[in-house]
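As provided, data.txt (compact mmCIF, C-alpha atoms and all ligand atoms) reads as follows.
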# COMPACT_ATOMS: atom_id res chain seq x y z
CA MET A 1 122.99 124.15 83.53
CA VAL A 2 121.16 121.21 85.09
CA LYS A 3 118.23 120.17 82.97
CA SER A 4 114.84 119.47 84.51
CA PRO A 5 113.80 115.84 85.02
CA GLU A 6 111.29 116.21 82.21
CA VAL A 7 113.86 116.99 79.51
CA GLU A 8 117.20 115.66 80.77
CA HIS A 9 116.75 112.45 78.76
CA PRO A 10 115.07 111.74 75.39
CA LYS A 11 112.40 109.23 76.49
CA LYS A 12 109.25 110.70 78.01
CA ALA A 13 108.23 108.95 81.21
CA THR A 14 105.54 109.43 83.78
CA GLY A 15 105.10 108.16 87.28
CA TRP A 16 104.15 109.10 90.83
CA ALA A 17 106.61 110.92 93.02
CA ALA A 18 106.92 112.07 96.61
CA ARG A 19 107.73 115.81 96.69
CA ASP A 20 108.68 116.33 100.33
CA THR A 21 108.88 114.59 103.71
CA SER A 22 105.10 114.28 103.90
CA GLY A 23 105.75 111.33 101.61
CA LEU A 24 102.55 112.07 99.70
CA LEU A 25 102.81 110.86 96.12
CA SER A 26 101.38 112.63 93.09
CA PRO A 27 101.71 112.36 89.29
CA PHE A 28 105.13 113.37 87.97
CA ASN A 29 106.43 113.73 84.43
CA PHE A 30 110.10 112.98 83.90
CA SER A 31 112.29 111.27 81.32
CA ARG A 32 114.45 108.18 80.88
CA ARG A 33 117.64 107.73 78.92
CA ALA A 34 117.61 106.32 75.39
CA THR A 35 118.23 102.58 75.27
CA GLY A 36 122.00 102.21 75.44
CA GLU A 37 124.02 99.38 73.89
CA LYS A 38 123.72 97.26 77.03
CA ASP A 39 120.33 98.52 78.12
CA VAL A 40 116.98 96.83 78.31
CA THR A 41 113.89 99.04 78.10
CA PHE A 42 110.61 97.66 79.35
CA LYS A 43 107.03 98.66 79.86
CA VAL A 44 106.31 98.45 83.57
CA LEU A 45 103.26 96.30 84.33
CA TYR A 46 103.46 95.83 88.10
CA CYS A 47 105.48 97.25 90.96
CA GLY A 48 105.42 96.05 94.56
CA ILE A 49 105.29 98.49 97.46
CA CYS A 50 108.20 97.73 99.77
CA HIS A 51 108.46 99.08 103.30
CA SER A 52 111.61 100.93 102.15
CA ASP A 53 109.47 102.91 99.71
CA LEU A 54 107.54 104.30 102.64
CA HIS A 55 110.73 105.15 104.57
CA MET A 56 112.33 106.75 101.52
CA ALA A 57 109.22 108.75 100.58
CA LYS A 58 109.23 110.28 104.07
CA ASN A 59 113.02 110.61 104.28
CA ASP A 60 113.11 108.50 107.45
CA TRP A 61 116.71 107.51 106.70
CA GLY A 62 117.88 111.05 105.91
CA MET A 63 119.06 110.14 102.40
CA SER A 64 116.07 111.02 100.21
CA THR A 65 116.06 113.65 97.49
CA TYR A 66 112.86 114.95 95.89
CA PRO A 67 111.05 114.42 93.62
CA LEU A 68 111.39 110.75 94.54
CA VAL A 69 109.78 108.03 92.41
CA PRO A 70 109.84 104.88 94.59
CA GLY A 71 109.57 101.27 93.56
CA HIS A 72 112.14 98.48 93.39
CA GLU A 73 110.00 95.43 92.78
CA ILE A 74 109.45 96.19 89.11
CA VAL A 75 108.25 93.80 86.44
CA GLY A 76 107.16 94.23 82.87
CA VAL A 77 107.68 93.32 79.23
CA VAL A 78 110.71 94.27 77.15
CA THR A 79 110.02 96.84 74.43
CA GLU A 80 113.56 97.56 73.22
CA VAL A 81 117.07 96.17 73.70
CA GLY A 82 120.49 97.65 72.96
CA SER A 83 122.76 96.19 70.26
CA GLU A 84 125.02 94.44 72.78
CA VAL A 85 122.28 92.94 74.93
CA GLN A 86 122.64 89.17 74.94
CA ARG A 87 120.12 87.68 77.35
CA PHE A 88 116.91 89.49 76.45
CA LYS A 89 114.73 90.24 73.45
CA VAL A 90 111.60 92.27 72.84
CA GLY A 91 108.57 90.61 74.45
CA ASP A 92 110.49 88.93 77.31
CA LYS A 93 109.12 89.17 80.83
CA VAL A 94 111.69 90.85 83.05
CA GLY A 95 112.20 92.49 86.40
CA VAL A 96 114.43 94.99 88.16
CA GLY A 97 114.99 94.92 91.91
CA CYS A 98 116.80 97.19 94.33
CA MET A 99 119.86 98.13 92.29
CA VAL A 100 120.71 99.31 88.79
CA GLY A 101 124.46 99.85 88.90
CA ALA A 102 127.78 98.87 90.55
CA CYS A 103 131.50 99.35 89.91
CA HIS A 104 132.03 95.88 88.36
CA SER A 105 135.67 95.89 89.50
CA CYS A 106 135.74 95.52 93.29
CA ASN A 107 136.01 92.28 95.22
CA ASN A 108 132.30 92.14 95.91
CA CYS A 109 131.43 92.66 92.25
CA ALA A 110 133.97 89.99 91.23
CA ASN A 111 132.14 87.58 93.55
CA ASP A 112 128.64 88.33 92.25
CA LEU A 113 127.89 90.43 95.30
CA GLU A 114 127.03 93.72 93.60
CA ASN A 115 124.67 94.31 96.52
CA TYR A 116 127.70 94.88 98.76
CA CYS A 117 129.66 96.99 96.23
CA PRO A 118 130.54 100.36 97.78
CA LYS A 119 129.48 101.99 94.52
CA MET A 120 126.22 100.10 94.15
CA ILE A 121 123.53 102.34 92.64
CA LEU A 122 120.02 102.08 94.06
CA THR A 123 117.09 101.80 91.68
CA TYR A 124 115.60 105.06 92.88
CA GLY A 125 116.72 108.18 94.68
CA ALA A 126 120.39 107.68 93.76
CA LYS A 127 122.80 109.21 91.23
CA TYR A 128 123.38 107.12 88.11
CA TYR A 129 126.81 107.00 86.36
CA ASP A 130 125.80 110.02 84.24
CA GLY A 131 124.96 112.10 87.30
CA THR A 132 121.20 112.04 86.80
CA THR A 133 118.78 110.81 89.45
CA THR A 134 117.46 107.26 89.33
CA TYR A 135 113.69 106.83 89.39
CA GLY A 136 111.90 103.66 90.46
CA GLY A 137 109.04 101.55 89.27
CA TYR A 138 106.00 103.65 90.16
CA SER A 139 106.32 104.69 86.53
CA ASP A 140 105.36 103.63 83.03
CA ILE A 141 108.74 102.65 81.59
CA MET A 142 112.07 101.46 82.91
CA VAL A 143 115.53 101.45 81.34
CA ALA A 144 118.25 99.36 82.98
CA ASP A 145 121.60 97.82 82.18
CA GLU A 146 121.11 94.18 81.21
CA HIS A 147 123.31 93.11 84.11
CA PHE A 148 120.66 94.31 86.57
CA VAL A 149 117.69 92.81 84.76
CA VAL A 150 116.22 89.49 85.87
CA ARG A 151 114.38 87.06 83.64
CA ILE A 152 110.89 86.21 84.94
CA PRO A 153 110.13 82.56 84.17
CA GLU A 154 107.00 81.90 82.11
CA ASN A 155 105.00 80.25 84.91
CA LEU A 156 105.64 82.95 87.51
CA PRO A 157 102.73 85.42 87.65
CA LEU A 158 104.01 88.96 87.15
CA ASP A 159 101.88 90.58 89.85
CA ALA A 160 102.52 88.12 92.67
CA GLY A 161 106.07 87.57 91.44
CA ALA A 162 107.07 91.24 91.64
CA PRO A 163 107.70 91.30 95.43
CA LEU A 164 110.27 88.54 95.06
CA LEU A 165 112.68 91.11 93.60
CA CYS A 166 113.18 92.72 96.99
CA ALA A 167 111.29 90.74 99.65
CA GLY A 168 112.16 87.40 98.06
CA ILE A 169 115.90 87.89 97.68
CA THR A 170 116.13 89.56 101.10
CA VAL A 171 115.13 86.32 102.79
CA TYR A 172 116.41 83.76 100.25
CA SER A 173 120.00 85.00 100.34
CA PRO A 174 120.52 84.65 104.14
CA LEU A 175 118.84 81.22 104.21
CA LYS A 176 121.47 80.08 101.69
CA PHE A 177 124.49 82.01 102.98
CA TYR A 178 124.02 81.08 106.63
CA GLY A 179 123.39 77.44 105.71
CA LEU A 180 119.81 77.45 106.97
CA ASP A 181 118.56 75.72 103.83
CA LYS A 182 119.20 72.08 104.74
CA PRO A 183 116.21 69.71 104.86
CA GLY A 184 115.15 68.91 108.40
CA MET A 185 116.68 72.02 109.95
CA GLN A 186 114.63 74.05 112.41
CA VAL A 187 114.41 77.69 111.40
CA GLY A 188 112.45 80.51 112.99
CA VAL A 189 110.94 83.43 111.11
CA VAL A 190 110.25 86.52 113.20
CA GLY A 191 107.52 88.82 111.91
CA LEU A 192 104.84 87.77 109.48
CA GLY A 193 104.79 90.67 107.03
CA GLY A 194 106.02 91.23 103.48
CA LEU A 195 109.40 89.63 104.17
CA GLY A 196 108.33 87.06 106.75
CA HIS A 197 105.59 85.41 104.75
CA VAL A 198 107.89 84.75 101.78
CA ALA A 199 110.63 83.57 104.16
CA VAL A 200 108.24 80.87 105.39
CA LYS A 201 107.50 79.81 101.82
CA PHE A 202 111.16 79.65 100.74
CA ALA A 203 112.24 77.81 103.88
CA LYS A 204 109.44 75.27 103.50
CA ALA A 205 110.40 74.69 99.85
CA MET A 206 113.98 74.03 101.02
CA GLY A 207 112.68 71.28 103.31
CA VAL A 208 113.22 73.25 106.49
CA LYS A 209 110.91 73.01 109.53
CA VAL A 210 109.62 76.52 110.13
CA THR A 211 108.56 78.17 113.37
CA VAL A 212 106.84 81.53 113.00
CA ILE A 213 107.52 83.88 115.90
CA SER A 214 105.08 86.75 116.21
CA THR A 215 103.80 89.24 118.77
CA SER A 216 100.25 88.58 117.70
CA PRO A 217 98.58 85.26 118.63
CA ASN A 218 95.89 85.79 116.04
CA LYS A 219 98.37 85.12 113.23
CA LYS A 220 98.74 81.50 114.33
CA LYS A 221 95.99 80.05 112.16
CA GLU A 222 97.25 81.94 109.12
CA ALA A 223 100.87 80.87 109.71
CA LEU A 224 100.10 77.19 110.20
CA GLU A 225 97.16 76.61 107.90
CA HIS A 226 97.71 79.06 105.08
CA LEU A 227 101.50 79.50 104.90
CA GLY A 228 102.33 75.98 105.99
CA ALA A 229 104.58 76.77 108.96
CA ASP A 230 105.22 73.84 111.29
CA SER A 231 104.84 75.67 114.57
CA PHE A 232 104.06 79.07 116.03
CA LEU A 233 105.40 80.98 119.02
CA VAL A 234 103.95 84.11 120.57
CA SER A 235 107.05 86.13 121.35
CA LYS A 236 105.54 87.74 124.44
CA ASP A 237 104.40 84.45 125.95
CA GLN A 238 107.14 83.57 128.43
CA ASP A 239 105.97 79.99 128.86
CA GLN A 240 106.02 79.28 125.14
CA ILE A 241 109.42 80.92 124.66
CA GLN A 242 110.82 79.06 127.68
CA ALA A 243 109.57 75.73 126.39
CA ALA A 244 111.25 76.30 123.01
CA GLN A 245 114.70 77.25 124.37
CA GLY A 246 117.59 75.81 122.37
CA THR A 247 115.48 74.34 119.57
CA LEU A 248 116.32 76.40 116.49
CA ASP A 249 119.28 76.17 114.09
CA GLY A 250 118.67 79.68 112.92
CA ILE A 251 116.29 82.59 112.88
CA ILE A 252 115.49 85.08 110.12
CA ASP A 253 114.40 88.25 111.91
CA THR A 254 112.39 90.47 109.57
CA VAL A 255 111.16 92.97 112.15
CA SER A 256 112.07 96.57 111.38
CA ALA A 257 110.86 98.02 114.70
CA VAL A 258 113.07 98.10 117.77
CA HIS A 259 112.54 94.82 119.63
CA PRO A 260 114.31 92.67 122.22
CA ILE A 261 116.59 89.99 120.76
CA LEU A 262 117.48 88.24 124.03
CA PRO A 263 114.48 85.87 123.81
CA LEU A 264 115.42 85.05 120.22
CA ILE A 265 119.03 84.22 121.09
CA GLY A 266 117.62 81.91 123.78
CA LEU A 267 115.67 79.97 121.16
CA LEU A 268 118.87 79.06 119.28
CA LYS A 269 120.75 75.81 119.63
CA SER A 270 124.51 75.99 120.12
CA HIS A 271 126.06 77.52 116.95
CA GLY A 272 122.65 78.87 116.06
CA LYS A 273 122.46 82.01 113.94
CA LEU A 274 120.20 84.98 114.38
CA VAL A 275 120.09 86.83 111.06
CA MET A 276 118.71 90.35 110.92
CA VAL A 277 117.12 91.46 107.65
CA GLY A 278 114.84 94.21 108.96
CA ALA A 279 116.37 97.61 109.61
CA PRO A 280 115.29 99.18 112.92
CA GLU A 281 115.94 102.92 113.00
CA LYS A 282 117.63 102.73 116.41
CA PRO A 283 120.31 100.28 117.64
CA LEU A 284 119.12 97.10 119.33
CA GLU A 285 120.47 95.93 122.65
CA LEU A 286 122.85 93.02 122.13
CA PRO A 287 123.19 90.81 125.21
CA VAL A 288 126.61 89.18 124.87
CA PHE A 289 126.61 86.56 127.63
CA PRO A 290 123.95 84.39 125.98
CA LEU A 291 126.01 84.48 122.77
CA LEU A 292 129.05 83.10 124.53
CA MET A 293 127.05 80.23 125.95
CA GLY A 294 126.78 78.18 122.79
CA ARG A 295 128.97 80.10 120.32
CA LYS A 296 125.91 81.76 118.83
CA ILE A 297 126.06 84.26 116.00
CA VAL A 298 124.13 87.44 115.26
CA GLY A 299 124.49 88.43 111.61
CA GLY A 300 122.92 90.54 108.93
CA SER A 301 122.07 90.36 105.26
CA CYS A 302 120.95 92.83 102.59
CA ILE A 303 119.19 91.66 99.40
CA GLY A 304 121.51 89.59 97.16
CA GLY A 305 123.69 89.77 94.05
CA MET A 306 122.24 89.57 90.55
CA LYS A 307 123.30 85.96 89.98
CA GLU A 308 121.62 84.89 93.18
CA THR A 309 118.55 87.01 92.45
CA GLN A 310 118.05 85.12 89.19
CA GLU A 311 118.62 81.83 91.03
CA MET A 312 116.00 82.87 93.60
CA VAL A 313 113.41 83.78 90.96
CA ASP A 314 114.02 80.47 89.15
CA PHE A 315 113.71 78.58 92.45
CA ALA A 316 110.45 80.41 93.20
CA ALA A 317 109.05 79.54 89.77
CA LYS A 318 110.03 75.89 90.20
CA HIS A 319 108.38 75.65 93.62
CA ASN A 320 105.41 77.91 92.81
CA ILE A 321 106.43 80.49 95.38
CA THR A 322 104.85 83.92 95.05
CA ALA A 323 103.96 86.69 97.46
CA ASP A 324 100.42 87.05 98.83
CA ILE A 325 99.35 90.34 97.37
CA GLU A 326 96.66 92.99 97.19
CA VAL A 327 96.69 94.55 93.73
CA ILE A 328 95.86 98.26 93.66
CA PRO A 329 95.55 101.03 91.07
CA ILE A 330 98.20 103.73 91.22
CA ASP A 331 95.81 106.38 92.54
CA TYR A 332 95.33 104.25 95.67
CA VAL A 333 99.05 104.45 96.47
CA ASN A 334 98.82 107.05 99.25
CA THR A 335 96.13 105.07 101.05
CA ALA A 336 98.21 101.93 100.56
CA MET A 337 101.20 103.67 102.18
CA GLU A 338 99.06 104.62 105.18
CA ARG A 339 97.80 101.07 105.52
CA LEU A 340 101.33 99.68 105.10
CA ALA A 341 102.51 101.89 107.97
CA LYS A 342 99.88 100.16 110.13
CA ALA A 343 100.80 96.71 108.75
CA ASP A 344 97.27 96.55 107.36
CA VAL A 345 98.00 94.37 104.33
CA ARG A 346 98.31 90.66 103.62
CA TYR A 347 101.15 90.83 102.78
CA ARG A 348 102.26 93.06 99.95
CA PHE A 349 100.62 95.78 97.92
CA VAL A 350 101.37 95.55 94.22
CA ILE A 351 100.53 98.46 91.95
CA ASP A 352 98.85 97.52 88.68
CA VAL A 353 100.93 100.08 86.80
CA GLY A 354 100.11 98.74 83.35
CA ASN A 355 96.35 99.21 83.72
CA SER A 356 96.12 102.23 85.99
CA LEU A 357 98.94 104.64 85.09
CA LYS A 358 98.21 106.70 82.03
CA SER A 359 101.31 106.46 79.87
CA SER A 360 103.05 109.56 78.57
CA SER A 361 104.06 108.05 75.28
ZN ZN B 1 112.55 96.69 99.26
ZN ZN B 2 131.92 96.88 92.96
Let me see whether you can do it: turn the structure in this file into structure tokens.
Ligand SMILES: [Zn+2]
Ligand SMILES: [Zn+2]
Amino acid sequence: MVKSPEVEHPKKATGWAARDTSGLLSPFNFSRRATGEKDVTFKVLYCGICHSDLHMAKNDWGMSTYPLVPGHEIVGVVTEVGSEVQRFKVGDKVGVGCMVGACHSCNNCANDLENYCPKMILTYGAKYYDGTTTYGGYSDIMVADEHFVVRIPENLPLDAGAPLLCAGITVYSPLKFYGLDKPGMQVGVVGLGGLGHVAVKFAKAMGVKVTVISTSPNKKKEALEHLGADSFLVSKDQDQIQAAQGTLDGIIDTVSAVHPILPLIGLLKSHGKLVMVGAPEKPLELPVFPLLMGRKIVGGSCIGGMKETQEMVDFAAKHNITADIEVIPIDYVNTAMERLAKADVRYRFVIDVGNSLKSSS
């Protein structure tokens, strides 16, 4: 017989879960496994609200199971470690991002690319090795295999650092992989939301010249003065786009709505790379002719491996990169989701789990 979420494991846990495709979240009691030999257990202090949480809560991608406890930008303080855990001790500041398991034997895993492992296990809404459902960080405690736990450096604030675990690695990894991290390069960032604003910060710290490309002209001041971008293009302004043709070495496109990519391809130099990190629900139109003229590349990227995630967090700490956040109590989460759907946040909501979620234990 399948046990209920509340008793399937020995550790009592509580969180907020979506119950159906309305996506509305409400308090939910469940349980977590006992700390295994290689496990790290931590008290969750903050959890970022990623756009995926909204999609998953509403089953927009057709893969959600309920009850669903979202959250994959999870940070907190270690309360217990297993006997074989080597990198962490009680009291350490740690984080868990988008994944909590992988096969550890495929080619991707062997190359520190657990994020591309066919058996990668998502932090929430997936089946763990033992067959039980994974629950995310909108909850009081977290248990994860040491391999999927990231050390949070001392000087990185936990609240504003939390979004790095998904948003940060999502943009850091393609900047590195596609070679768009060289000082003096010209890189565009499309969309100034949760992903885009950290992309600007990472690229600037790498010494890259950043052009923010946005549909809304009123983000110009913010992009240039607050985030430190070097220039700004309004994507619907034909004259501006025309004048910037062939100027960019690469573009990180963070937009998750369907949008035309022809103007973006036009902005690239020869051998320029357009990298998609947003996930539009419908296919985009790919104009091929402009790709041929200049050997241009359209690519994709999805988070990053654990080794690179640690590297990213360490880089962020060194360069004082954090997300711009609005901290909220857990009982504001449904309103936050509504506002997120309207892009009404600068730029990431972070739930103050530690101070607002009444713990079960
Ligand atoms: Zn995410
Ligand atoms: Zn694997």
With distances taken over only C-alpha atoms, which of A:Lys93, A:His51, A:Lys273, A:Arg295 is nearest to Val78 (chain A)?
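Among the listed residues, the smallest separation from Val78 (chain A) belongs to A:Lys93.
Near Leu156 (chain A), within a cut-off of 10 Å and counting all atoms listed in the file, sit the residues Lys93, Ile152, Pro153, Asp159, Ala160, Gly161, Ala162, Val313, Asp314, Ala316, Ala317, Lys318, His319, Asn320, Ile321 and Thr322 of chain A, with same-chain residues fewer than 3 positions away left out.
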Ranking A:Gly95, A:Gly101, A:Pro70, A:Gly15 by minimum distance to ligand ZN 2 (chain B) and counting only C-alpha atoms and all ligand atoms, which one comes first?
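Closest residue, counting only C-alpha atoms and all ligand atoms: A:Gly101.
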Name the closest residue to ligand ZN 1 (chain B) among the candidates A:Val190, A:Leu68, A:Leu54, A:Val333; distances are taken between atoms, counting all atoms listed in the file.
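Between A:Val190, A:Leu68, A:Leu54, A:Val333, the residue approaching ligand ZN 1 (chain B) most closely is A:Leu54.
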May I ask which of the residues A:His271, A:Lys12, A:His55, A:His104 is the closest one to ligand ZN 2 (chain B), counting only C-alpha atoms and all ligand atoms?
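Comparing A:His271, A:Lys12, A:His55, A:His104 against ligand ZN 2 (chain B), the winner is A:His104.
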Could the residues that lie within 7 Å of ligand ZN 2 (chain B), counting only C-alpha atoms and all ligand atoms, be listed as number ranges by chain?
A: 102-109, 114, 117-120
Taking all atoms listed in the file into account, report as a ChimeraX atom specification which residues have an atom no farther than 7 Å from an atom of ligand ZN 1 (chain B).
/A:50-53,72,98,166-167
Just C-alpha atoms for this one: save the residues we selected as a PDB file, in the frame of the given file.
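Output saved as part.pdb:
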ATOM      1  CA  CYS A  50     108.200  97.730  99.770  1.00  0.00           C
ATOM      2  CA  HIS A  51     108.460  99.080 103.300  1.00  0.00           C
ATOM      3  CA  SER A  52     111.610 100.930 102.150  1.00  0.00           C
ATOM      4  CA  ASP A  53     109.470 102.910  99.710  1.00  0.00           C
ATOM      5  CA  HIS A  72     112.140  98.480  93.390  1.00  0.00           C
ATOM      6  CA  CYS A  98     116.800  97.190  94.330  1.00  0.00           C
ATOM      7  CA  CYS A 166     113.180  92.720  96.990  1.00  0.00           C
ATOM      8  CA  ALA A 167     111.290  90.740  99.650  1.00  0.00           C
TER       9      ALA A 167
END
Neighbouring residues of Leu45 (chain A) were defined as those with any atom within 7 Å, considering all atoms listed in the file; residues of the same chain fewer than 3 positions away were excluded. Please report them as a list in words.
Val75, Gly76, Asp352, Val353 and Gly354 of chain A
Out of A:Gly179, A:Gly193, A:Leu248, A:Val150, which residue has the shortest atom-to-atom distance to Thr211 (chain A) when counting all atoms listed in the file?
A:Leu248
Residues proximal to (116.5, 85.0, 94.6) were defined as those with any atom within 8 Å of that point in the file's coordinates, counting only C-alpha atoms. Which are they, as a CSV table (one decimal) with C-alpha atoms, keeping the file's coordinate frame?
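Heads up, here's the output in selection-v8.csv:
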chain,number,residue,atom,x,y,z
A,164,LEU,CA,110.3,88.5,95.1
A,165,LEU,CA,112.7,91.1,93.6
A,168,GLY,CA,112.2,87.4,98.1
A,169,ILE,CA,115.9,87.9,97.7
A,170,THR,CA,116.1,89.6,101.1
A,172,TYR,CA,116.4,83.8,100.2
A,173,SER,CA,120.0,85.0,100.3
A,304,GLY,CA,121.5,89.6,97.2
A,308,GLU,CA,121.6,84.9,93.2
A,309,THR,CA,118.6,87.0,92.4
A,310,GLN,CA,118.0,85.1,89.2
A,311,GLU,CA,118.6,81.8,91.0
A,312,MET,CA,116.0,82.9,93.6
A,313,VAL,CA,113.4,83.8,91.0
A,314,ASP,CA,114.0,80.5,89.2
A,315,PHE,CA,113.7,78.6,92.4
A,316,ALA,CA,110.4,80.4,93.2
What is the distance between CA of Gln86 (chain A) and CA of Asp39 (chain A), in Å to one decimal?
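Separation between CA of Gln86 (chain A) and CA of Asp39 (chain A): 10.1 Å.
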Rank nothing, just name the residue among A:Ala257, A:Met63, A:Val44, A:Leu267 nearest to Glu281 (chain A), using only C-alpha atoms.
A:Ala257
Report, in Å to a single decimal, how far apart CA of Val277 (chain A) and CA of Val210 (chain A) are.
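That distance, rounded to one decimal, is 16.9 Å.
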Contact residues around Leu227 (chain A) with only C-alpha atoms at 8 Å, ignoring same-chain residues under 5 positions, as a PyMOL selection string:
chain A and resi 197+200-201+222
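As for CA of Ala13 (chain A) and CA of Ser139 (chain A), they are spaced 7.1 Å apart.
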Can you tell me which residues surround Gly294 (chain A) at a distance of at most 8 Å, considering all atoms listed in the file, apart from same-chain residues fewer than 4 positions away, and format the answer as an MDAnalysis selection string?
chainID A and resid 269:272 290
Would you write out those residues with C-alpha atoms, as a PDB file, in the frame of the given file?
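The resulting file, result-v6.pdb, is shown below:
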ATOM      1  CA  LYS A 269     120.750  75.810 119.630  1.00  0.00           C
ATOM      2  CA  SER A 270     124.510  75.990 120.120  1.00  0.00           C
ATOM      3  CA  HIS A 271     126.060  77.520 116.950  1.00  0.00           C
ATOM      4  CA  GLY A 272     122.650  78.870 116.060  1.00  0.00           C
ATOM      5  CA  PRO A 290     123.950  84.390 125.980  1.00  0.00           C
TER       6      PRO A 290
END
Excluding same-chain residues fewer than 5 positions from Gly250 (chain A), what lies within 12 Å of it counting all atoms listed in the file, as number ranges by chain?
A: 174-182, 185-190, 203, 208-212, 264-276, 296-299
Identify the residues within 6 Å of coordinate (111.3, 89.0, 106.8) (same frame as the file), considering only C-alpha atoms, and give the answer as a PDB file with C-alpha atoms, in the coordinates of the input.
ATOM      1  CA  LEU A 195     109.400  89.630 104.170  1.00  0.00           C
ATOM      2  CA  GLY A 196     108.330  87.060 106.750  1.00  0.00           C
ATOM      3  CA  THR A 254     112.390  90.470 109.570  1.00  0.00           C
TER       4      THR A 254
END
Since the input is missing atoms for region 41-52 of chain A, could you rebuild it with N, CA and C atoms and give the result as a PDB file, in the coordinates of the input?
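This went into part-v6.pdb:
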ATOM      1  N   THR A  41     115.006  98.149  77.779  1.00  0.00           N
ATOM      2  CA  THR A  41     113.890  99.040  78.100  1.00  0.00           C
ATOM      3  C   THR A  41     112.637  98.204  78.189  1.00  0.00           C
ATOM      4  N   PHE A  42     111.860  98.431  79.247  1.00  0.00           N
ATOM      5  CA  PHE A  42     110.610  97.660  79.350  1.00  0.00           C
ATOM      6  C   PHE A  42     109.459  98.502  79.842  1.00  0.00           C
ATOM      7  N   LYS A  43     108.277  98.061  79.397  1.00  0.00           N
ATOM      8  CA  LYS A  43     107.030  98.660  79.860  1.00  0.00           C
ATOM      9  C   LYS A  43     106.742  98.063  81.230  1.00  0.00           C
ATOM     10  N   VAL A  44     106.577  98.931  82.220  1.00  0.00           N
ATOM     11  CA  VAL A  44     106.310  98.450  83.570  1.00  0.00           C
ATOM     12  C   VAL A  44     104.846  98.014  83.673  1.00  0.00           C
ATOM     13  N   LEU A  45     104.635  96.789  84.149  1.00  0.00           N
ATOM     14  CA  LEU A  45     103.260  96.300  84.330  1.00  0.00           C
ATOM     15  C   LEU A  45     102.847  96.296  85.792  1.00  0.00           C
ATOM     16  N   TYR A  46     103.753  95.868  86.664  1.00  0.00           N
ATOM     17  CA  TYR A  46     103.460  95.830  88.100  1.00  0.00           C
ATOM     18  C   TYR A  46     104.668  96.309  88.901  1.00  0.00           C
ATOM     19  N   CYS A  47     104.385  96.909  90.049  1.00  0.00           N
ATOM     20  CA  CYS A  47     105.480  97.250  90.960  1.00  0.00           C
ATOM     21  C   CYS A  47     105.000  97.045  92.394  1.00  0.00           C
ATOM     22  N   GLY A  48     105.753  96.276  93.157  1.00  0.00           N
ATOM     23  CA  GLY A  48     105.420  96.050  94.560  1.00  0.00           C
ATOM     24  C   GLY A  48     105.714  97.285  95.400  1.00  0.00           C
ATOM     25  N   ILE A  49     105.007  97.407  96.513  1.00  0.00           N
ATOM     26  CA  ILE A  49     105.290  98.490  97.460  1.00  0.00           C
ATOM     27  C   ILE A  49     106.039  97.901  98.646  1.00  0.00           C
ATOM     28  N   CYS A  50     107.325  98.232  98.713  1.00  0.00           N
ATOM     29  CA  CYS A  50     108.200  97.730  99.770  1.00  0.00           C
ATOM     30  C   CYS A  50     108.165  98.712 100.935  1.00  0.00           C
ATOM     31  N   HIS A  51     108.423  98.208 102.135  1.00  0.00           N
ATOM     32  CA  HIS A  51     108.460  99.080 103.300  1.00  0.00           C
ATOM     33  C   HIS A  51     109.507 100.188 103.130  1.00  0.00           C
ATOM     34  N   SER A  52     110.583  99.898 102.400  1.00  0.00           N
ATOM     35  CA  SER A  52     111.610 100.930 102.150  1.00  0.00           C
ATOM     36  C   SER A  52     111.032 102.106 101.374  1.00  0.00           C
TER      37      SER A  52
END
